[in-house]
Each structure stands twice: as C-alpha cells, then as structure tokens.
Amino acid sequence: MTAKISIQDYAVEQMNHLLTTLAYQVHRAAAKPGPDEIHDLRVSVRRFSQGLELFGDFFPKWEVKKIRRVLKRMMSLTSDIRDRDITLDFLAEVGHAPHRPRVEKERVAYQRQFAEMLRRWSAKDFSAKWRNGLSLRSV
C-alpha cells in the first residue's frame with residue numbers, strides 16, 4: 001500500500017527539487033558562463049517559474065511575486081547573452097563577420113552584468129532565502 005500525500009506536500013516536494021536544480025545551474029553558470037551553461041540555467045529558471053505559476057496558491061503571494069520579478073530580470077539578462085551566442089554561431093556559419101567584434105564586445109558586457117548578478121545572488125544565499133520564504137521544508 002502506498003502512502004498518499006497531499007497536493008500541498010507534493011507542491012513543496014516539487015518546488016524543493018526545482019529550486020535545488022536552479023541553484024545548481026546558477027553555480028554552474030557562475031563557474032563557466034558558456035552557451036550551454038547559460039541555456040541550462042534558462043531552462044531551470046523557466047521550470048522554476050512554471051512551478052511557481054502552477055503551485056503559487058500554496059505559498060505566500062508576496063514571496064512568489066518577489067521571486068518571479070527577480071527571475072524575470074535573470075531571464076532578460078540571459079536572453080541578451082543567448083542572443084549574442086546565437087548571432088556569433090550564425091556569423092561563424094556564414095563566414096561573413098564584419099559585425100563579429102561588436103557582437104563579441106556586447107556579449108562580454110552582458111556577461112559582466114550576469115556575473116555581477118550571480119555574485120549578488122550568491123552573497124545573499126538566494127536558494128536558502130527563497131526556500132525559507134516559500135517555507136519549503138522537507139515533507
């Protein structure tokens with residue numbers, strides 16, 4: 001006989017998992033902010049955001065809203081980096097690269113902003129703070 005868990009316990013379990021994955025991807029992208037790491041971080045942010053959307057009724061509204069605002073900023077910044085990565089790949093394929101130095105310079109500038117954002121997130125121990133704010137305790 002399997003034990004039944006409530007939908008709220010399930011929501012907490014899923015959000016714990018998604019937050020753990022997000023924290024891992026943040027640290028991975030901080031160590032090496034390459035195209036694959038940025039992509040994987042974006043996927044984690046989207047999944048965590050979707051979890052907040054789906055299970056938001058089980059958590060404090062103000063915390064969910066605050067976290068979603070922060071995630072939106074992260075997605076915007078990583079979009080800027082990802083767009084440059086895709087452009088650089090395209091320029092490499094077509095072999096016509098007079099714009100390549102400008103795009104590389106823009107990517108470096110966005111990467112600096114990204115590194116600063118990750119530094120602030122780590123300094124604030126975002127995952128512990130969010131876990132506490134959402135009351136994500138083991139069930």
# chains A, B, ... in the order shown; residues from 1 in each chain; ligands from 1

$ residues_around --residues "Phe48 in chain A" --least-positions-apart "5" --cutoff "12 Å" --atoms "only C-alpha atoms" --output "MDAnalysis selection string"
chainID A and resid 11 14:23 25 41:43 53:56 64 67:68 70:72 75 127 130

$ select_by_dssp --residues "chain A" --states "alpha helix (DSSP H)" --output "ChimeraX atom specification"
/A:7-31,35-55,61-94,100-123,126-133

$ residues_around --residues "range 76-87 of chain A" --least-positions-apart "6" --cutoff "8 Å" --atoms "only C-alpha atoms" --output "ChimeraX atom specification"
/A:35,38-39,42,103-104,106-107,110-111,113-114

$ atom_distance --atom1 "CA of Ser122 in chain A" --atom2 "CA of Phe58 in chain A"
26.0 Å

$ closest_residue --among "A:Gly51, A:Phe90, A:Val26, A:Ile7" --to "Trp121 in chain A" --atoms "only C-alpha atoms"
A:Val26

$ atom_distance --atom1 "CA of Gln8 in chain A" --atom2 "CA of Tyr24 in chain A"
24.2 Å

$ closest_residue --among "A:Glu13, A:Met74, A:Lys105, A:Arg69" --to "Ser44 in chain A" --atoms "only C-alpha atoms"
A:Met74

$ decode --residues "range 52-65 of chain A" --atoms "all heavy atoms" --output "PDB file, in the first residue's frame"
ATOM      1  N   LEU A  52       6.229  27.929  -9.820  1.00  0.00           N
ATOM      2  CA  LEU A  52       5.598  28.996  -9.037  1.00  0.00           C
ATOM      3  C   LEU A  52       4.216  29.322  -9.574  1.00  0.00           C
ATOM      4  O   LEU A  52       3.289  29.594  -8.802  1.00  0.00           O
ATOM      5  CB  LEU A  52       6.469  30.259  -9.046  1.00  0.00           C
ATOM      6  CG  LEU A  52       7.756  30.218  -8.236  1.00  0.00           C
ATOM      7  CD1 LEU A  52       8.572  31.477  -8.476  1.00  0.00           C
ATOM      8  CD2 LEU A  52       7.474  30.030  -6.760  1.00  0.00           C
ATOM      9  N   GLU A  53       4.081  29.294 -10.886  1.00  0.00           N
ATOM     10  CA  GLU A  53       2.786  29.567 -11.512  1.00  0.00           C
ATOM     11  C   GLU A  53       1.787  28.467 -11.153  1.00  0.00           C
ATOM     12  O   GLU A  53       0.656  28.742 -10.767  1.00  0.00           O
ATOM     13  CB  GLU A  53       2.955  29.651 -13.030  1.00  0.00           C
ATOM     14  CG  GLU A  53       1.690  29.924 -13.791  1.00  0.00           C
ATOM     15  CD  GLU A  53       1.211  31.356 -13.673  1.00  0.00           C
ATOM     16  OE1 GLU A  53       2.033  32.248 -13.430  1.00  0.00           O
ATOM     17  OE2 GLU A  53      -0.009  31.571 -13.828  1.00  0.00           O
ATOM     18  N   LEU A  54       2.215  27.232 -11.265  1.00  0.00           N
ATOM     19  CA  LEU A  54       1.336  26.093 -11.026  1.00  0.00           C
ATOM     20  C   LEU A  54       0.962  25.938  -9.547  1.00  0.00           C
ATOM     21  O   LEU A  54      -0.190  25.706  -9.209  1.00  0.00           O
ATOM     22  CB  LEU A  54       2.002  24.809 -11.528  1.00  0.00           C
ATOM     23  CG  LEU A  54       1.212  23.518 -11.404  1.00  0.00           C
ATOM     24  CD1 LEU A  54      -0.052  23.583 -12.253  1.00  0.00           C
ATOM     25  CD2 LEU A  54       2.080  22.342 -11.834  1.00  0.00           C
ATOM     26  N   PHE A  55       1.959  26.072  -8.672  1.00  0.00           N
ATOM     27  CA  PHE A  55       1.746  25.808  -7.248  1.00  0.00           C
ATOM     28  C   PHE A  55       1.685  27.090  -6.409  1.00  0.00           C
ATOM     29  O   PHE A  55       1.717  27.025  -5.185  1.00  0.00           O
ATOM     30  CB  PHE A  55       2.872  24.921  -6.704  1.00  0.00           C
ATOM     31  CG  PHE A  55       2.963  23.578  -7.366  1.00  0.00           C
ATOM     32  CD1 PHE A  55       4.124  23.175  -8.007  1.00  0.00           C
ATOM     33  CD2 PHE A  55       1.892  22.691  -7.348  1.00  0.00           C
ATOM     34  CE1 PHE A  55       4.233  21.928  -8.597  1.00  0.00           C
ATOM     35  CE2 PHE A  55       1.978  21.443  -7.942  1.00  0.00           C
ATOM     36  CZ  PHE A  55       3.151  21.056  -8.579  1.00  0.00           C
ATOM     37  N   GLY A  56       1.624  28.244  -7.043  1.00  0.00           N
ATOM     38  CA  GLY A  56       1.682  29.522  -6.337  1.00  0.00           C
ATOM     39  C   GLY A  56       0.687  29.687  -5.215  1.00  0.00           C
ATOM     40  O   GLY A  56       0.964  30.376  -4.232  1.00  0.00           O
ATOM     41  N   ASP A  57      -0.484  29.061  -5.321  1.00  0.00           N
ATOM     42  CA  ASP A  57      -1.509  29.199  -4.279  1.00  0.00           C
ATOM     43  C   ASP A  57      -1.093  28.584  -2.946  1.00  0.00           C
ATOM     44  O   ASP A  57      -1.685  28.882  -1.917  1.00  0.00           O
ATOM     45  CB  ASP A  57      -2.827  28.556  -4.737  1.00  0.00           C
ATOM     46  CG  ASP A  57      -3.489  29.342  -5.860  1.00  0.00           C
ATOM     47  OD1 ASP A  57      -3.134  30.523  -6.042  1.00  0.00           O
ATOM     48  OD2 ASP A  57      -4.352  28.768  -6.549  1.00  0.00           O
ATOM     49  N   PHE A  58      -0.075  27.742  -2.962  1.00  0.00           N
ATOM     50  CA  PHE A  58       0.374  27.085  -1.739  1.00  0.00           C
ATOM     51  C   PHE A  58       1.453  27.871  -0.995  1.00  0.00           C
ATOM     52  O   PHE A  58       1.902  27.440   0.063  1.00  0.00           O
ATOM     53  CB  PHE A  58       0.891  25.674  -2.040  1.00  0.00           C
ATOM     54  CG  PHE A  58      -0.164  24.769  -2.590  1.00  0.00           C
ATOM     55  CD1 PHE A  58      -0.138  24.382  -3.920  1.00  0.00           C
ATOM     56  CD2 PHE A  58      -1.207  24.325  -1.786  1.00  0.00           C
ATOM     57  CE1 PHE A  58      -1.115  23.549  -4.433  1.00  0.00           C
ATOM     58  CE2 PHE A  58      -2.201  23.502  -2.293  1.00  0.00           C
ATOM     59  CZ  PHE A  58      -2.152  23.115  -3.618  1.00  0.00           C
ATOM     60  N   PHE A  59       1.870  29.003  -1.558  1.00  0.00           N
ATOM     61  CA  PHE A  59       2.971  29.778  -0.987  1.00  0.00           C
ATOM     62  C   PHE A  59       2.558  31.233  -0.800  1.00  0.00           C
ATOM     63  O   PHE A  59       1.601  31.688  -1.431  1.00  0.00           O
ATOM     64  CB  PHE A  59       4.203  29.670  -1.892  1.00  0.00           C
ATOM     65  CG  PHE A  59       4.607  28.254  -2.178  1.00  0.00           C
ATOM     66  CD1 PHE A  59       4.405  27.689  -3.426  1.00  0.00           C
ATOM     67  CD2 PHE A  59       5.172  27.470  -1.176  1.00  0.00           C
ATOM     68  CE1 PHE A  59       4.756  26.368  -3.685  1.00  0.00           C
ATOM     69  CE2 PHE A  59       5.526  26.149  -1.422  1.00  0.00           C
ATOM     70  CZ  PHE A  59       5.323  25.602  -2.674  1.00  0.00           C
ATOM     71  N   PRO A  60       3.266  31.952   0.070  1.00  0.00           N
ATOM     72  CA  PRO A  60       2.922  33.366   0.298  1.00  0.00           C
ATOM     73  C   PRO A  60       2.980  34.161  -1.012  1.00  0.00           C
ATOM     74  O   PRO A  60       3.984  34.146  -1.716  1.00  0.00           O
ATOM     75  CB  PRO A  60       3.992  33.849   1.278  1.00  0.00           C
ATOM     76  CG  PRO A  60       4.525  32.615   1.925  1.00  0.00           C
ATOM     77  CD  PRO A  60       4.390  31.529   0.904  1.00  0.00           C
ATOM     78  N   LYS A  61       1.886  34.860  -1.302  1.00  0.00           N
ATOM     79  CA  LYS A  61       1.764  35.587  -2.573  1.00  0.00           C
ATOM     80  C   LYS A  61       2.891  36.595  -2.774  1.00  0.00           C
ATOM     81  O   LYS A  61       3.428  36.720  -3.868  1.00  0.00           O
ATOM     82  CB  LYS A  61       0.418  36.327  -2.644  1.00  0.00           C
ATOM     83  CG  LYS A  61      -0.779  35.433  -2.515  1.00  0.00           C
ATOM     84  CD  LYS A  61      -1.171  34.866  -3.851  1.00  0.00           C
ATOM     85  CE  LYS A  61      -2.453  34.072  -3.729  1.00  0.00           C
ATOM     86  NZ  LYS A  61      -2.301  32.678  -4.009  1.00  0.00           N
ATOM     87  N   TRP A  62       3.231  37.327  -1.702  1.00  0.00           N
ATOM     88  CA  TRP A  62       4.267  38.366  -1.840  1.00  0.00           C
ATOM     89  C   TRP A  62       5.628  37.752  -2.154  1.00  0.00           C
ATOM     90  O   TRP A  62       6.406  38.322  -2.893  1.00  0.00           O
ATOM     91  CB  TRP A  62       4.326  39.265  -0.609  1.00  0.00           C
ATOM     92  CG  TRP A  62       4.797  38.555   0.630  1.00  0.00           C
ATOM     93  CD1 TRP A  62       6.071  38.466   1.078  1.00  0.00           C
ATOM     94  CD2 TRP A  62       4.009  37.804   1.552  1.00  0.00           C
ATOM     95  NE1 TRP A  62       6.137  37.707   2.224  1.00  0.00           N
ATOM     96  CE2 TRP A  62       4.872  37.289   2.545  1.00  0.00           C
ATOM     97  CE3 TRP A  62       2.640  37.515   1.652  1.00  0.00           C
ATOM     98  CZ2 TRP A  62       4.432  36.514   3.603  1.00  0.00           C
ATOM     99  CZ3 TRP A  62       2.213  36.746   2.715  1.00  0.00           C
ATOM    100  CH2 TRP A  62       3.097  36.252   3.665  1.00  0.00           C
ATOM    101  N   GLU A  63       5.915  36.575  -1.607  1.00  0.00           N
ATOM    102  CA  GLU A  63       7.184  35.896  -1.894  1.00  0.00           C
ATOM    103  C   GLU A  63       7.225  35.423  -3.342  1.00  0.00           C
ATOM    104  O   GLU A  63       8.229  35.579  -4.022  1.00  0.00           O
ATOM    105  CB  GLU A  63       7.398  34.695  -0.966  1.00  0.00           C
ATOM    106  CG  GLU A  63       7.887  35.034   0.402  1.00  0.00           C
ATOM    107  CD  GLU A  63       9.280  35.654   0.411  1.00  0.00           C
ATOM    108  OE1 GLU A  63      10.145  35.276  -0.397  1.00  0.00           O
ATOM    109  OE2 GLU A  63       9.499  36.534   1.253  1.00  0.00           O
ATOM    110  N   VAL A  64       6.130  34.852  -3.781  1.00  0.00           N
ATOM    111  CA  VAL A  64       6.059  34.367  -5.160  1.00  0.00           C
ATOM    112  C   VAL A  64       6.255  35.538  -6.118  1.00  0.00           C
ATOM    113  O   VAL A  64       7.035  35.443  -7.071  1.00  0.00           O
ATOM    114  CB  VAL A  64       4.706  33.654  -5.428  1.00  0.00           C
ATOM    115  CG1 VAL A  64       4.518  33.365  -6.906  1.00  0.00           C
ATOM    116  CG2 VAL A  64       4.611  32.367  -4.606  1.00  0.00           C
ATOM    117  N   LYS A  65       5.587  36.648  -5.850  1.00  0.00           N
ATOM    118  CA  LYS A  65       5.689  37.821  -6.720  1.00  0.00           C
ATOM    119  C   LYS A  65       7.118  38.367  -6.745  1.00  0.00           C
ATOM    120  O   LYS A  65       7.660  38.688  -7.809  1.00  0.00           O
ATOM    121  CB  LYS A  65       4.719  38.903  -6.244  1.00  0.00           C
ATOM    122  CG  LYS A  65       4.648  40.103  -7.139  1.00  0.00           C
ATOM    123  CD  LYS A  65       3.601  41.078  -6.658  1.00  0.00           C
ATOM    124  CE  LYS A  65       3.528  42.281  -7.589  1.00  0.00           C
ATOM    125  NZ  LYS A  65       2.510  43.237  -7.152  1.00  0.00           N
TER     126      LYS A  65
END
